[in-house]
Each structure stands twice: as structure tokens, then as C-alpha cells.
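Undergrad: Structure: coords14.tsv, TSV, C-alpha atoms.
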chain	number	residue	atom	x	y	z
A	1	MET	CA	13.48	-34.58	18.59
A	2	VAL	CA	11.77	-36.85	21.12
A	3	LYS	CA	9.14	-37.79	18.53
A	4	ARG	CA	11.92	-38.58	16.05
A	5	GLY	CA	13.45	-41.18	18.36
A	6	PHE	CA	15.99	-39.34	20.50
A	7	ASP	CA	16.20	-39.48	24.27
A	8	LEU	CA	16.53	-35.84	25.21
A	9	THR	CA	17.82	-34.51	28.54
A	10	LEU	CA	18.01	-30.79	29.27
A	11	LEU	CA	20.97	-29.85	31.46
A	12	TYR	CA	20.36	-26.49	33.17
A	13	CYS	CA	21.17	-24.27	36.16
A	14	ARG	CA	18.19	-21.89	36.25
A	15	ASN	CA	14.55	-22.03	35.15
A	16	GLN	CA	12.81	-18.66	34.79
A	17	ARG	CA	9.47	-17.37	33.47
A	18	GLY	CA	8.09	-20.81	32.68
A	19	TRP	CA	10.73	-21.54	30.03
A	20	PHE	CA	10.01	-25.27	30.10
A	21	ASP	CA	6.20	-25.18	30.09
A	22	ARG	CA	5.86	-26.23	26.45
A	23	PHE	CA	8.32	-29.13	26.56
A	24	ASP	CA	7.18	-32.63	25.68
A	25	SER	CA	6.62	-34.67	28.84
A	26	LYS	CA	9.30	-37.13	27.66
A	27	VAL	CA	12.03	-34.48	27.88
A	28	LYS	CA	14.08	-35.19	30.99
A	29	LEU	CA	15.22	-32.24	33.09
A	30	LEU	CA	18.60	-32.48	34.79
A	31	LYS	CA	19.31	-29.54	37.08
A	32	VAL	CA	22.87	-28.78	38.10
A	33	ASN	CA	22.30	-27.19	41.49
A	34	LYS	CA	24.05	-23.89	41.86
A	35	LYS	CA	26.36	-24.49	44.82
A	36	LEU	CA	28.94	-21.86	43.95
A	37	THR	CA	28.72	-18.32	45.32
A	38	ILE	CA	31.29	-15.86	44.02
A	39	PRO	CA	30.82	-12.19	45.03
A	40	PHE	CA	30.73	-9.59	42.23
A	41	ILE	CA	30.78	-12.25	39.48
A	42	HIS	CA	28.02	-12.33	36.83
A	43	GLU	CA	25.54	-15.21	37.24
A	44	ARG	CA	26.22	-16.46	33.69
A	45	ILE	CA	29.89	-17.00	34.58
A	46	ILE	CA	28.84	-18.75	37.81
A	47	ASP	CA	26.50	-20.97	35.74
A	48	ALA	CA	29.39	-21.93	33.46
A	49	PHE	CA	31.67	-22.84	36.38
A	50	THR	CA	28.82	-24.72	38.05
A	51	ILE	CA	28.29	-26.84	34.93
A	52	LEU	CA	32.01	-27.62	34.64
A	53	VAL	CA	32.31	-28.57	38.31
A	54	PHE	CA	29.12	-30.55	38.88
A	55	ALA	CA	27.96	-31.84	35.46
A	56	PRO	CA	30.78	-34.23	34.37
A	57	LEU	CA	29.95	-37.02	36.84
A	58	LYS	CA	26.24	-36.84	35.98
A	59	LEU	CA	26.95	-37.10	32.26
A	60	LEU	CA	29.56	-39.83	32.61
A	61	LYS	CA	26.94	-41.99	34.35
A	62	MET	CA	24.59	-41.39	31.41
A	63	LYS	CA	27.37	-42.17	28.94
A	64	LYS	CA	27.83	-45.64	30.47
A	65	LYS	CA	24.22	-46.51	29.58
A	66	GLN	CA	23.78	-44.76	26.21
A	67	ARG	CA	25.63	-43.05	23.41
A	68	LEU	CA	25.86	-39.37	24.25
A	69	ALA	CA	26.27	-36.07	22.41
A	70	LEU	CA	25.83	-32.49	23.59
A	71	VAL	CA	23.92	-29.68	21.88
A	72	SER	CA	24.51	-26.30	23.52
A	73	PHE	CA	22.30	-23.23	23.20
A	74	GLN	CA	23.85	-21.22	26.05
A	75	SER	CA	27.17	-21.16	27.93
A	76	ASN	CA	28.71	-22.66	24.81
A	77	VAL	CA	32.35	-22.36	25.89
A	78	ALA	CA	31.60	-24.29	29.09
A	79	ALA	CA	29.71	-26.88	27.04
A	80	ILE	CA	32.67	-27.35	24.65
A	81	ILE	CA	35.08	-27.85	27.58
A	82	LEU	CA	32.58	-30.23	29.19
A	83	ALA	CA	32.34	-32.25	25.96
A	84	LYS	CA	36.11	-32.58	25.86
A	85	ILE	CA	36.25	-33.63	29.53
A	86	ILE	CA	33.77	-36.48	29.01
A	87	SER	CA	34.91	-37.18	25.41
A	88	VAL	CA	31.67	-36.72	23.44
A	89	GLN	CA	30.76	-34.74	20.33
A	90	ILE	CA	29.39	-31.22	20.70
A	91	ILE	CA	27.16	-28.94	18.61
A	92	VAL	CA	27.01	-25.27	19.65
A	93	ARG	CA	24.61	-22.59	18.43
A	94	LEU	CA	25.27	-18.89	17.81
A	95	SER	CA	22.30	-16.57	18.30
A	96	ASN	CA	23.65	-12.99	18.44
A	97	HIS	CA	25.96	-10.99	16.21
A	98	TYR	CA	29.35	-10.00	17.62
A	99	SER	CA	28.54	-6.34	16.93
A	100	LEU	CA	26.62	-6.43	20.23
A	101	VAL	CA	29.97	-6.03	22.02
A	102	SER	CA	30.41	-2.44	20.77
A	103	ASN	CA	26.80	-1.65	21.69
A	104	GLU	CA	26.70	-3.16	25.16
A	105	LYS	CA	30.28	-2.30	26.22
A	106	SER	CA	30.12	-5.13	28.74
A	107	LEU	CA	33.14	-6.96	30.19
A	108	LEU	CA	31.15	-10.22	30.09
A	109	ARG	CA	30.42	-9.76	26.36
A	110	ASN	CA	34.07	-9.04	25.62
A	111	ILE	CA	35.17	-12.14	27.54
A	112	SER	CA	32.55	-14.17	25.66
A	113	GLU	CA	33.73	-13.01	22.22
A	114	ILE	CA	37.42	-13.59	23.03
A	115	SER	CA	36.56	-17.07	24.36
A	116	LYS	CA	34.70	-17.94	21.16
A	117	ARG	CA	37.85	-17.38	19.09
A	118	VAL	CA	39.74	-19.82	21.28
A	119	PHE	CA	37.20	-22.55	22.00
A	120	TYR	CA	34.69	-22.70	19.11
A	121	LYS	CA	37.27	-24.40	16.88
A	122	TRP	CA	37.05	-27.38	19.25
A	123	ALA	CA	33.32	-27.87	18.55
A	124	ASP	CA	32.29	-30.60	16.12
A	125	PHE	CA	29.59	-28.39	14.61
A	126	VAL	CA	28.73	-24.69	14.97
A	127	VAL	CA	25.21	-23.58	14.05
A	128	ALA	CA	24.05	-20.00	13.41
A	129	ASN	CA	20.43	-18.89	13.15
A	130	SER	CA	21.00	-16.71	10.08
A	131	SER	CA	23.22	-16.91	7.01
A	132	GLU	CA	24.58	-13.43	7.66
A	133	LEU	CA	25.56	-14.44	11.20
A	134	ALA	CA	27.19	-17.64	9.88
A	135	ARG	CA	29.10	-15.76	7.18
A	136	ASP	CA	30.39	-13.04	9.52
A	137	TYR	CA	31.42	-15.45	12.28
A	138	LYS	CA	33.11	-17.76	9.79
A	139	LYS	CA	35.51	-14.93	8.96
A	140	LYS	CA	36.01	-14.13	12.64
A	141	LEU	CA	36.38	-17.67	14.01
A	142	GLY	CA	37.94	-19.38	11.03
A	143	CYS	CA	35.67	-22.43	11.18
A	144	ASN	CA	32.74	-23.72	9.12
A	145	ILE	CA	29.33	-22.70	10.42
A	146	LYS	CA	26.00	-24.21	9.41
A	147	THR	CA	22.82	-22.12	9.16
A	148	ILE	CA	19.60	-23.41	10.74
A	149	TYR	CA	16.87	-20.80	11.22
A	150	ASN	CA	14.81	-20.46	14.39
A	151	PRO	CA	11.64	-22.60	14.20
A	152	ILE	CA	8.33	-20.72	14.07
A	153	ASN	CA	5.02	-22.41	14.94
A	154	PHE	CA	2.69	-20.68	12.48
A	155	ASN	CA	-0.33	-22.79	13.47
A	156	LEU	CA	0.03	-21.68	17.09
A	157	ILE	CA	0.37	-18.04	16.01
A	158	ASN	CA	-2.84	-18.26	13.96
A	159	ARG	CA	-4.74	-19.81	16.87
A	160	MET	CA	-3.51	-17.22	19.35
A	161	GLY	CA	-4.25	-14.44	16.88
A	162	LYS	CA	-7.98	-15.19	17.14
A	163	GLU	CA	-8.20	-14.32	20.84
A	164	LYS	CA	-10.23	-11.23	21.70
A	165	ILE	CA	-8.61	-7.89	22.53
A	166	LYS	CA	-9.91	-5.74	25.41
A	167	GLU	CA	-7.96	-2.54	24.72
A	168	PRO	CA	-10.24	0.19	23.22
A	169	LEU	CA	-7.47	1.35	20.89
A	170	PHE	CA	-7.84	-1.91	18.93
A	171	LYS	CA	-11.57	-2.48	19.43
A	172	ILE	CA	-12.56	0.97	18.12
A	173	LYS	CA	-9.83	1.60	15.59
A	174	LYS	CA	-9.74	5.21	14.40
A	175	ARG	CA	-6.41	5.35	12.56
A	176	PRO	CA	-3.50	3.16	11.42
A	177	ILE	CA	-1.61	1.33	14.17
A	178	VAL	CA	2.17	0.84	13.99
A	179	ILE	CA	3.47	-1.95	16.22
A	180	GLY	CA	6.85	-2.55	17.83
A	181	ALA	CA	7.56	-5.48	20.13
A	182	GLY	CA	10.42	-6.66	22.33
A	183	ARG	CA	12.09	-6.09	25.66
A	184	LEU	CA	12.36	-2.44	26.61
A	185	VAL	CA	16.16	-2.43	26.53
A	186	LYS	CA	18.74	-0.38	24.64
A	187	GLN	CA	19.32	-3.15	22.09
A	188	LYS	CA	15.76	-2.77	20.73
A	189	ASN	CA	16.24	1.00	20.35
A	190	PHE	CA	12.60	2.00	20.88
A	191	GLU	CA	13.89	5.53	21.45
A	192	LEU	CA	14.58	5.66	17.70
A	193	LEU	CA	11.08	4.40	16.90
A	194	ILE	CA	9.38	6.95	19.19
A	195	LYS	CA	11.42	9.84	17.74
A	196	ALA	CA	10.59	8.65	14.21
A	197	LEU	CA	6.89	8.54	15.06
A	198	ALA	CA	7.03	12.15	16.24
A	199	LYS	CA	7.99	13.08	12.66
A	200	VAL	CA	5.34	10.76	11.19
A	201	VAL	CA	2.38	12.14	13.19
A	202	ALA	CA	3.25	15.64	11.98
A	203	LYS	CA	2.10	14.43	8.54
A	204	ILE	CA	-0.08	11.33	9.18
A	205	SER	CA	-2.50	10.56	11.98
A	206	CYS	CA	-1.51	7.18	13.48
A	207	ASP	CA	-0.75	5.34	16.72
A	208	LEU	CA	2.31	3.43	17.90
A	209	VAL	CA	1.86	0.46	20.22
A	210	ILE	CA	4.98	-1.04	21.81
A	211	ILE	CA	4.51	-4.49	23.36
A	212	GLY	CA	7.09	-5.51	25.95
A	213	GLU	CA	8.58	-4.67	29.32
A	214	GLY	CA	12.04	-3.81	30.55
A	215	SER	CA	14.49	-1.48	32.23
A	216	GLU	CA	14.01	1.34	29.70
A	217	ARG	CA	10.29	1.88	30.40
A	218	HIS	CA	10.70	5.00	32.55
A	219	ARG	CA	13.11	6.64	30.10
A	220	LEU	CA	10.87	5.84	27.11
A	221	GLN	CA	7.79	7.19	28.89
A	222	SER	CA	9.70	10.40	29.68
A	223	LEU	CA	10.59	10.71	25.99
A	224	ILE	CA	6.93	10.20	25.00
A	225	ASN	CA	5.91	12.97	27.41
A	226	LYS	CA	8.69	15.28	26.20
A	227	LEU	CA	7.63	14.86	22.55
A	228	ASP	CA	3.96	15.33	23.47
A	229	LEU	CA	3.03	11.89	22.12
A	230	ARG	CA	0.87	10.70	25.02
A	231	LYS	CA	-2.13	10.40	22.67
A	232	ASN	CA	-0.17	8.57	19.98
A	233	VAL	CA	2.31	6.19	21.67
A	234	TRP	CA	1.26	3.40	24.02
A	235	LEU	CA	3.61	1.25	26.09
A	236	LEU	CA	1.40	-1.80	26.45
A	237	GLY	CA	3.75	-3.79	28.69
A	238	HIS	CA	4.38	-7.53	28.54
A	239	ARG	CA	1.70	-9.65	26.88
A	240	ASN	CA	1.66	-13.46	26.86
A	241	ASN	CA	-0.10	-13.27	23.50
A	242	PRO	CA	1.27	-10.46	21.32
A	243	TYR	CA	-0.08	-12.05	18.13
A	244	LYS	CA	-3.69	-10.97	18.62
A	245	TYR	CA	-2.43	-7.37	18.56
A	246	PHE	CA	-0.28	-8.02	15.50
A	247	PHE	CA	-3.34	-9.22	13.57
A	248	LYS	CA	-5.06	-5.89	14.27
A	249	GLY	CA	-2.12	-3.66	13.33
A	250	ASP	CA	-1.17	-2.03	10.03
A	251	LEU	CA	2.63	-1.99	10.08
A	252	PHE	CA	5.40	-3.63	12.13
A	253	VAL	CA	8.67	-1.80	12.83
A	254	LEU	CA	11.89	-3.38	14.12
A	255	SER	CA	14.21	-0.61	15.34
A	256	SER	CA	17.01	-2.75	16.86
A	257	LYS	CA	20.70	-1.87	17.02
A	258	TYR	CA	21.64	-5.55	16.64
A	259	GLU	CA	19.97	-8.97	16.54
A	260	GLY	CA	20.80	-12.61	15.90
A	261	MET	CA	17.71	-13.58	13.94
A	262	PRO	CA	14.64	-11.59	15.06
A	263	ASN	CA	11.80	-14.11	15.40
A	264	VAL	CA	9.35	-11.28	16.01
A	265	LEU	CA	9.90	-9.92	12.49
A	266	VAL	CA	8.97	-13.28	10.95
A	267	GLU	CA	6.03	-13.66	13.36
A	268	ALA	CA	4.70	-10.19	12.50
A	269	ILE	CA	4.75	-11.02	8.79
A	270	ALA	CA	2.95	-14.29	9.56
A	271	CYS	CA	0.24	-12.20	11.28
A	272	GLY	CA	-0.32	-10.15	8.13
A	273	LEU	CA	1.83	-7.14	9.00
A	274	PRO	CA	4.01	-5.43	6.38
A	275	ALA	CA	7.39	-4.65	7.92
A	276	VAL	CA	10.00	-1.93	8.18
A	277	SER	CA	13.33	-2.64	9.86
A	278	THR	CA	16.74	-1.21	10.59
A	279	ARG	CA	19.47	-2.84	8.56
A	280	CYS	CA	21.06	-4.19	11.73
A	281	LYS	CA	23.21	-7.28	11.99
A	282	SER	CA	21.92	-9.82	11.68
A	283	GLY	CA	18.70	-11.19	10.22
A	284	PRO	CA	16.48	-8.34	8.96
A	285	THR	CA	18.30	-7.99	5.63
A	286	GLU	CA	17.90	-11.74	5.14
A	287	ILE	CA	14.24	-11.87	6.18
A	288	LEU	CA	13.26	-8.85	4.07
A	289	LYS	CA	15.41	-9.98	1.13
A	290	ASN	CA	17.58	-6.87	1.06
A	291	GLY	CA	14.54	-4.58	0.90
A	292	MET	CA	12.43	-6.48	-1.64
A	293	CYS	CA	10.07	-7.73	1.08
A	294	GLY	CA	10.04	-4.66	3.34
A	295	LYS	CA	11.84	-1.37	3.78
A	296	LEU	CA	15.30	-1.38	5.40
A	297	VAL	CA	16.80	1.76	6.93
A	298	PRO	CA	20.17	2.63	8.50
A	299	ILE	CA	20.59	2.03	12.23
A	300	SER	CA	19.77	5.09	14.38
A	301	ASP	CA	18.63	7.28	11.45
A	302	VAL	CA	15.42	8.94	12.70
A	303	SER	CA	14.53	10.69	9.43
A	304	CYS	CA	15.01	7.58	7.27
A	305	LEU	CA	12.87	5.49	9.61
A	306	ALA	CA	10.15	8.16	9.72
A	307	ASN	CA	10.09	8.37	5.91
A	308	ALA	CA	9.91	4.56	5.61
A	309	ILE	CA	6.95	4.44	8.01
A	310	LYS	CA	5.14	7.28	6.21
A	311	ASP	CA	5.70	5.71	2.79
A	312	SER	CA	4.56	2.28	4.01
A	313	LEU	CA	1.33	3.73	5.45
A	314	THR	CA	0.51	5.88	2.41
A	315	ASN	CA	1.82	3.94	-0.59
A	316	ILE	CA	-0.52	1.01	0.02
A	317	SER	CA	-0.03	-0.81	-3.30
A	318	ALA	CA	3.78	-0.93	-2.97
A	319	THR	CA	3.48	-1.97	0.68
A	320	LYS	CA	1.10	-4.81	-0.22
A	321	LEU	CA	3.45	-6.02	-2.96
A	322	LYS	CA	6.41	-6.14	-0.59
A	323	TYR	CA	4.31	-7.95	2.02
A	324	LYS	CA	3.14	-10.52	-0.53
A	325	MET	CA	6.76	-11.34	-1.38
A	326	ALA	CA	7.68	-11.52	2.32
A	327	LYS	CA	4.86	-13.94	3.08
A	328	ALA	CA	5.92	-16.19	0.19
A	329	HIS	CA	9.24	-16.87	1.97
A	330	LEU	CA	7.80	-17.82	5.37
A	331	SER	CA	7.96	-21.59	4.81
A	332	MET	CA	11.74	-21.53	5.32
A	333	TYR	CA	11.08	-20.82	9.03
A	334	GLU	CA	8.34	-23.45	9.46
A	335	GLU	CA	8.86	-25.65	12.53
A	336	LYS	CA	8.73	-28.98	10.69
A	337	ASN	CA	11.36	-27.84	8.18
A	338	ILE	CA	13.71	-26.55	10.89
A	339	PHE	CA	13.26	-29.67	13.06
A	340	ALA	CA	14.11	-31.82	10.04
A	341	GLN	CA	17.42	-29.95	9.69
A	342	TRP	CA	18.26	-30.39	13.37
A	343	PHE	CA	17.36	-34.08	13.15
A	344	LYS	CA	19.64	-34.52	10.14
A	345	LEU	CA	22.52	-32.82	11.97
A	346	CYS	CA	22.06	-34.82	15.18
A	347	LYS	CA	21.79	-38.02	13.15
A	348	ARG	CA	25.04	-37.10	11.43
A	349	VAL	CA	26.70	-36.71	14.85
A	350	PHE	CA	25.81	-40.29	15.72
A	351	ASN	CA	26.42	-41.41	12.13
A	352	ASP	CA	23.82	-44.20	12.11
A	353	GLU	CA	20.07	-44.79	11.94
A	354	PRO	CA	18.13	-43.19	14.85
A	355	ARG	CA	17.57	-45.50	17.79
A	356	ARG	CA	16.88	-44.61	21.39
A	357	ARG	CA	19.75	-42.37	22.39
A	358	THR	CA	20.52	-39.29	24.42
Rewrite the structure from the file as C-alpha cells, please.

TA:
Amino acid sequence: MVKRGFDLTLLYCRNQRGWFDRFDSKVKLLKVNKKLTIPFIHERIIDAFTILVFAPLKLLKMKKKQRLALVSFQSNVAAIILAKIISVQIIVRLSNHYSLVSNEKSLLRNISEISKRVFYKWADFVVANSSELARDYKKKLGCNIKTIYNPINFNLINRMGKEKIKEPLFKIKKRPIVIGAGRLVKQKNFELLIKALAKVVAKISCDLVIIGEGSERHRLQSLINKLDLRKNVWLLGHRNNPYKYFFKGDLFVLSSKYEGMPNVLVEAIACGLPAVSTRCKSGPTEILKNGMCGKLVPISDVSCLANAIKDSLTNISATKLKYKMAKAHLSMYEEKNIFAQWFKLCKRVFNDEPRRRT
């Protein structure tokens, strides 16, 4: 957006895990210092209150110098209220399906979903990162929602995929490798994947490598031990470059209970991996074209997932055909195409030719 002529300022409360490392040097960072301390209240709620209390004056000063619009990727309800306070247009983005509420059973999630019904109608534009997400939320919120997919940098993936791998499992490959990737949390449902693999290895010799770290590690390792899969399942932990492992694998499996639009599924296909996924909301059905580009199985069905993995590893010609069709659709997630859509939307907000603006 900076290269396309916008002045871009990121308003934030917290910076973790080097989130901003890849930003263009021209992106301005405006931190709203967290001065509020409220016992027993979730930090996301504190962030929202912090923004509403301390951001208006900062933004009003900016508004005096330039035309201003807000684009929100997190704390959207707070951003909508903030936009109304300072009287500017607001674009908000949806990234997770509302079915996560029933899975997480969290008070914060319930508050978030109830708030969306009230406040999202005040936004000038609502963007979802999958058509399924947009369609489902349109029914729920009663407002028009535009679909813009997550941008994927395929050139970067290809470069990173060429880095060398030290792990012996990949260097001296003895059998097919199935790969899963993501945070080790209940949402990703790696328990399902491990149980499915136990059924697979009874018929086919193969390995499962799970890339990622999280709170479920101990429980997943206990399950691996219980199912006597220590020689077949490997919890690799967090890796800054998962793509070099993807390029050496044979099949990618997404076992999630819910998603918004799983980037990792698109990235795995870009790395040459055929894919199997749960038919969770939302994204996989769209990415895999309702099963034409990769097998889709019911959520939490161990036997169906095991059969899909076995068939994908043994029926090579059918697997290759599905992969070929999946790869043909990757351009719709290409960075330059997605950025062009965001540029068009932001330009529409200002309703004139792009000049220097915030």
C-alpha cells in the first residue's frame, strides 16, 4: 500500500514475536501505550479499552493534516467505535468463522460474536478472507461482506524451500512423510491426525511430522506414546521456515475443527504437496474446490481421515490429478492480485485518485 501511494500508520498496543519485522520502512508505527490495568480481564479487552481511551486524540491530530480512514484487522468493534468518535470511514476484516464459539466455549468469544451483530453494521465495509466466511456472516450480521483472500508470497516460499534440512528423517528418507503444521492447540485437532495415523501405519509404512508449538504438546506426546507411535510421529516444534520441510514431504493434512482461511493449506500446495483436509468452516472446501483438488473429510472422523490418507498415499495417479487441479488455482491467492483488491477498496473509500494520504 505504501508503494501504491498511501501513507500508512499502524496503530497497535502490543508487538510480539517480531510481527513487524517484514514491514516496509515507510510504514509508521503508532503505539498506544497500555496504561490500563484491570484485574481478571482478558488482555484483548484491555487493548480495546486502551485504544478507545488513548487513540482518539492521536488520530484527530493526524486528521487535521491529512484525509484519514481506518482499516482494522483486530479489535474490530473498538475500531468501529473509534471511527465514529473521530468521524472517519472504517473497513473491518473477518478472519475466523463464528463456529469457533461452540468449540472454544470462551466468554470472550461469546462477547465478541454478540458485539459483531450490534456494531458491524456501522462499518463502511466488511471484508472476509473466504467466500464461505463472507456468505455465512452475511446471513448472521445482515450486511454486505466483500471477499479478499489472504495474500501469499509464492516467490518467498520457493526461496525458503531451497534451504537445507538437518533432520535425518528428511535427509535419509525411507518412507512417505505426511505433514501437519500449526499451533499445537485444540483448534488444529492434531489429536485426530495422530489417531488417524495409527490406523494408517497398520496398513502403510509412513511417518507423520507435525510442525508447530503450543499448549497441547504434552498431551499430544502422551497420545503418541499411548498409541506406540514414537517411531512414526514426530513433533518437530516451531520452525521459522516450515516450507523446506513441505518441499520434502509427500502429503499435507489439515485436521482443524475450524478456520478462517487456512494459509498453510495454500502454502503446502504451493510447495508441491497434495492435500487432505477436514471439511471445517471455513476455507478448506473453497481451496480444495469441494473435493476436486484434494480429499475432504468430516470433522473429527478418525476412520474417514485415515482412509483419505491411505488412499492419497497409494492411489498416486488420482492424487497427482487432484494436486494438478489445486495448483492451477493458486494464482487467486498471489500477493500482487490480493494487494490490487485492497488498493481498489481503499481507493474507493477515499473516492478519488491516490495521492499521499493516511

Undergrad: Around the point (25.0, -38.6, 35.4) in the file's coordinates, collect all residues with an atom within 12 Å, using only C-alpha atoms, and return them as a count of residues only.

TA: 22

Undergrad: I need the residue nearest Ser95 (chain A) from this list: A:Val126, A:Ile114, A:Ile309, A:Leu229. Use only C-alpha atoms for the distance.

TA: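 Of A:Val126, A:Ile114, A:Ile309, A:Leu229, the one nearest Ser95 (chain A), counting only C-alpha atoms, is A:Val126.
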
Undergrad: Considering all atoms listed in the file, state which residue in the set A:Ile152, A:Gln16, A:Gly272, A:Trp234 is at the smallest distance from Phe170 (chain A).

TA: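 Counting all atoms listed in the file, the residue closest to Phe170 (chain A) is A:Trp234.
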
Undergrad: Residues at most 9 Å from Arg217 (chain A), counting only C-alpha atoms, excluding those fewer than 2 positions away in the same chain, as a PDB file with C-alpha atoms, keeping the file's coordinate frame?

TA:
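Listed below is the output, out_10.pdb:
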ATOM      1  CA  LEU A 184      12.360  -2.440  26.610  1.00  0.00           C
ATOM      2  CA  VAL A 185      16.160  -2.430  26.530  1.00  0.00           C
ATOM      3  CA  GLU A 213       8.580  -4.670  29.320  1.00  0.00           C
ATOM      4  CA  GLY A 214      12.040  -3.810  30.550  1.00  0.00           C
ATOM      5  CA  SER A 215      14.490  -1.480  32.230  1.00  0.00           C
ATOM      6  CA  ARG A 219      13.110   6.640  30.100  1.00  0.00           C
ATOM      7  CA  LEU A 220      10.870   5.840  27.110  1.00  0.00           C
ATOM      8  CA  GLN A 221       7.790   7.190  28.890  1.00  0.00           C
ATOM      9  CA  SER A 222       9.700  10.400  29.680  1.00  0.00           C
ATOM     10  CA  LEU A 235       3.610   1.250  26.090  1.00  0.00           C
ATOM     11  CA  GLY A 237       3.750  -3.790  28.690  1.00  0.00           C
TER      12      GLY A 237
END

Undergrad: One decimal, Å: what's the distance from CA of Leu313 (chain A) over to CA of Tyr333 (chain A), could you say?

TA: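 Result for CA of Leu313 (chain A) versus CA of Tyr333 (chain A): 26.7 Å, one decimal.
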
Undergrad: Mind pulling up the distance from CA of Arg183 (chain A) to CA of Tyr245 (chain A)?

TA: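 Taking CA of Tyr245 (chain A) and CA of Arg183 (chain A), their separation equals 16.2 Å.
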
Undergrad: What's around Ala69 (chain A) at 12 Å? Count all atoms listed in the file, leave out sequence neighbours fewer than 5 positions away in its own chain, and write the answer as a ChimeraX atom specification.

TA: /A:6-10,59-60,62-63,79-80,82-84,86-92,123-125,345-351,357-358

Undergrad: In Å, rounded to a single decimal, give me how far CA of Ala134 (chain A) is from CA of Val77 (chain A).

TA: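 So the answer is 17.5 Å.
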
Undergrad: I need the residue nearest Ile172 (chain A) from this list: A:Arg44, A:Lys344, A:Lys248, A:Lys257. Use only C-alpha atoms for the distance.

TA: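 Between A:Arg44, A:Lys344, A:Lys248, A:Lys257, the residue approaching Ile172 (chain A) most closely is A:Lys248.
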
Undergrad: Smallest atom-to-atom distance to Gln187 (chain A): which of A:Ser205, A:Ser300, A:Asn232, A:Gln74, using all atoms listed in the file?

TA: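 When distances to Gln187 (chain A) are compared using all atoms listed in the file, the smallest one comes from A:Ser300.
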
Undergrad: Which residue gives the smallest distance to Lys186 (chain A) among A:Ser255, A:Asn155, A:Asn240, A:Asn150, with only C-alpha atoms counted?

TA: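 Checking each candidate against Lys186 (chain A), we get A:Ser255 as the closest.
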
Undergrad: Would you mind telling me which residue in A:Lys320, A:Lys203, A:Lys140, A:Lys173 lies nearest to Gly294 (chain A) when using only C-alpha atoms?

TA: A:Lys320

Undergrad: Select, counting only C-alpha atoms, all protein, DNA and RNA residues no farther than 7 Å from (23.7, -14.1, 12.9) in file coordinates, and express the selection as a compact mmCIF listing (two decimals) with C-alpha atoms, in the coordinates of the input.

TA:
# COMPACT_ATOMS: atom_id res chain seq x y z
CA SER A 95 22.30 -16.57 18.30
CA ASN A 96 23.65 -12.99 18.44
CA HIS A 97 25.96 -10.99 16.21
CA ALA A 128 24.05 -20.00 13.41
CA ASN A 129 20.43 -18.89 13.15
CA SER A 130 21.00 -16.71 10.08
CA SER A 131 23.22 -16.91 7.01
CA GLU A 132 24.58 -13.43 7.66
CA LEU A 133 25.56 -14.44 11.20
CA ALA A 134 27.19 -17.64 9.88
CA GLY A 260 20.80 -12.61 15.90
CA MET A 261 17.71 -13.58 13.94
CA LYS A 281 23.21 -7.28 11.99
CA SER A 282 21.92 -9.82 11.68
CA GLY A 283 18.70 -11.19 10.22

Undergrad: Find the residues around Lys188 (chain A) up to 12 Å (only C-alpha atoms counted), leave out those fewer than 4 positions away in its own chain, and share them as a PyMOL selection string.

TA: chain A and resi 100+103-104+180-184+192-194+210-216+220+253-259+262+264+277-278+280+299-300

Undergrad: May I have the selected residues written with C-alpha atoms, as a PDB file, keeping the file's coordinate frame?

TA:
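Just written: again20.pdb:
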ATOM      1  CA  LEU A 100      26.620  -6.430  20.230  1.00  0.00           C
ATOM      2  CA  ASN A 103      26.800  -1.650  21.690  1.00  0.00           C
ATOM      3  CA  GLU A 104      26.700  -3.160  25.160  1.00  0.00           C
ATOM      4  CA  GLY A 180       6.850  -2.550  17.830  1.00  0.00           C
ATOM      5  CA  ALA A 181       7.560  -5.480  20.130  1.00  0.00           C
ATOM      6  CA  GLY A 182      10.420  -6.660  22.330  1.00  0.00           C
ATOM      7  CA  ARG A 183      12.090  -6.090  25.660  1.00  0.00           C
ATOM      8  CA  LEU A 184      12.360  -2.440  26.610  1.00  0.00           C
ATOM      9  CA  LEU A 192      14.580   5.660  17.700  1.00  0.00           C
ATOM     10  CA  LEU A 193      11.080   4.400  16.900  1.00  0.00           C
ATOM     11  CA  ILE A 194       9.380   6.950  19.190  1.00  0.00           C
ATOM     12  CA  ILE A 210       4.980  -1.040  21.810  1.00  0.00           C
ATOM     13  CA  ILE A 211       4.510  -4.490  23.360  1.00  0.00           C
ATOM     14  CA  GLY A 212       7.090  -5.510  25.950  1.00  0.00           C
ATOM     15  CA  GLU A 213       8.580  -4.670  29.320  1.00  0.00           C
ATOM     16  CA  GLY A 214      12.040  -3.810  30.550  1.00  0.00           C
ATOM     17  CA  SER A 215      14.490  -1.480  32.230  1.00  0.00           C
ATOM     18  CA  GLU A 216      14.010   1.340  29.700  1.00  0.00           C
ATOM     19  CA  LEU A 220      10.870   5.840  27.110  1.00  0.00           C
ATOM     20  CA  VAL A 253       8.670  -1.800  12.830  1.00  0.00           C
ATOM     21  CA  LEU A 254      11.890  -3.380  14.120  1.00  0.00           C
ATOM     22  CA  SER A 255      14.210  -0.610  15.340  1.00  0.00           C
ATOM     23  CA  SER A 256      17.010  -2.750  16.860  1.00  0.00           C
ATOM     24  CA  LYS A 257      20.700  -1.870  17.020  1.00  0.00           C
ATOM     25  CA  TYR A 258      21.640  -5.550  16.640  1.00  0.00           C
ATOM     26  CA  GLU A 259      19.970  -8.970  16.540  1.00  0.00           C
ATOM     27  CA  PRO A 262      14.640 -11.590  15.060  1.00  0.00           C
ATOM     28  CA  VAL A 264       9.350 -11.280  16.010  1.00  0.00           C
ATOM     29  CA  SER A 277      13.330  -2.640   9.860  1.00  0.00           C
ATOM     30  CA  THR A 278      16.740  -1.210  10.590  1.00  0.00           C
ATOM     31  CA  CYS A 280      21.060  -4.190  11.730  1.00  0.00           C
ATOM     32  CA  ILE A 299      20.590   2.030  12.230  1.00  0.00           C
ATOM     33  CA  SER A 300      19.770   5.090  14.380  1.00  0.00           C
TER      34      SER A 300
END

Undergrad: Which neighbours of Ala328 (chain A) fall inside 12 Å, counting all atoms listed in the file, when residues of the same chain fewer than 6 positions from it are skipped, and could you give them as an MDAnalysis selection string?

TA: chainID A and resid 266 269:270 272 287:289 292:293 321:322
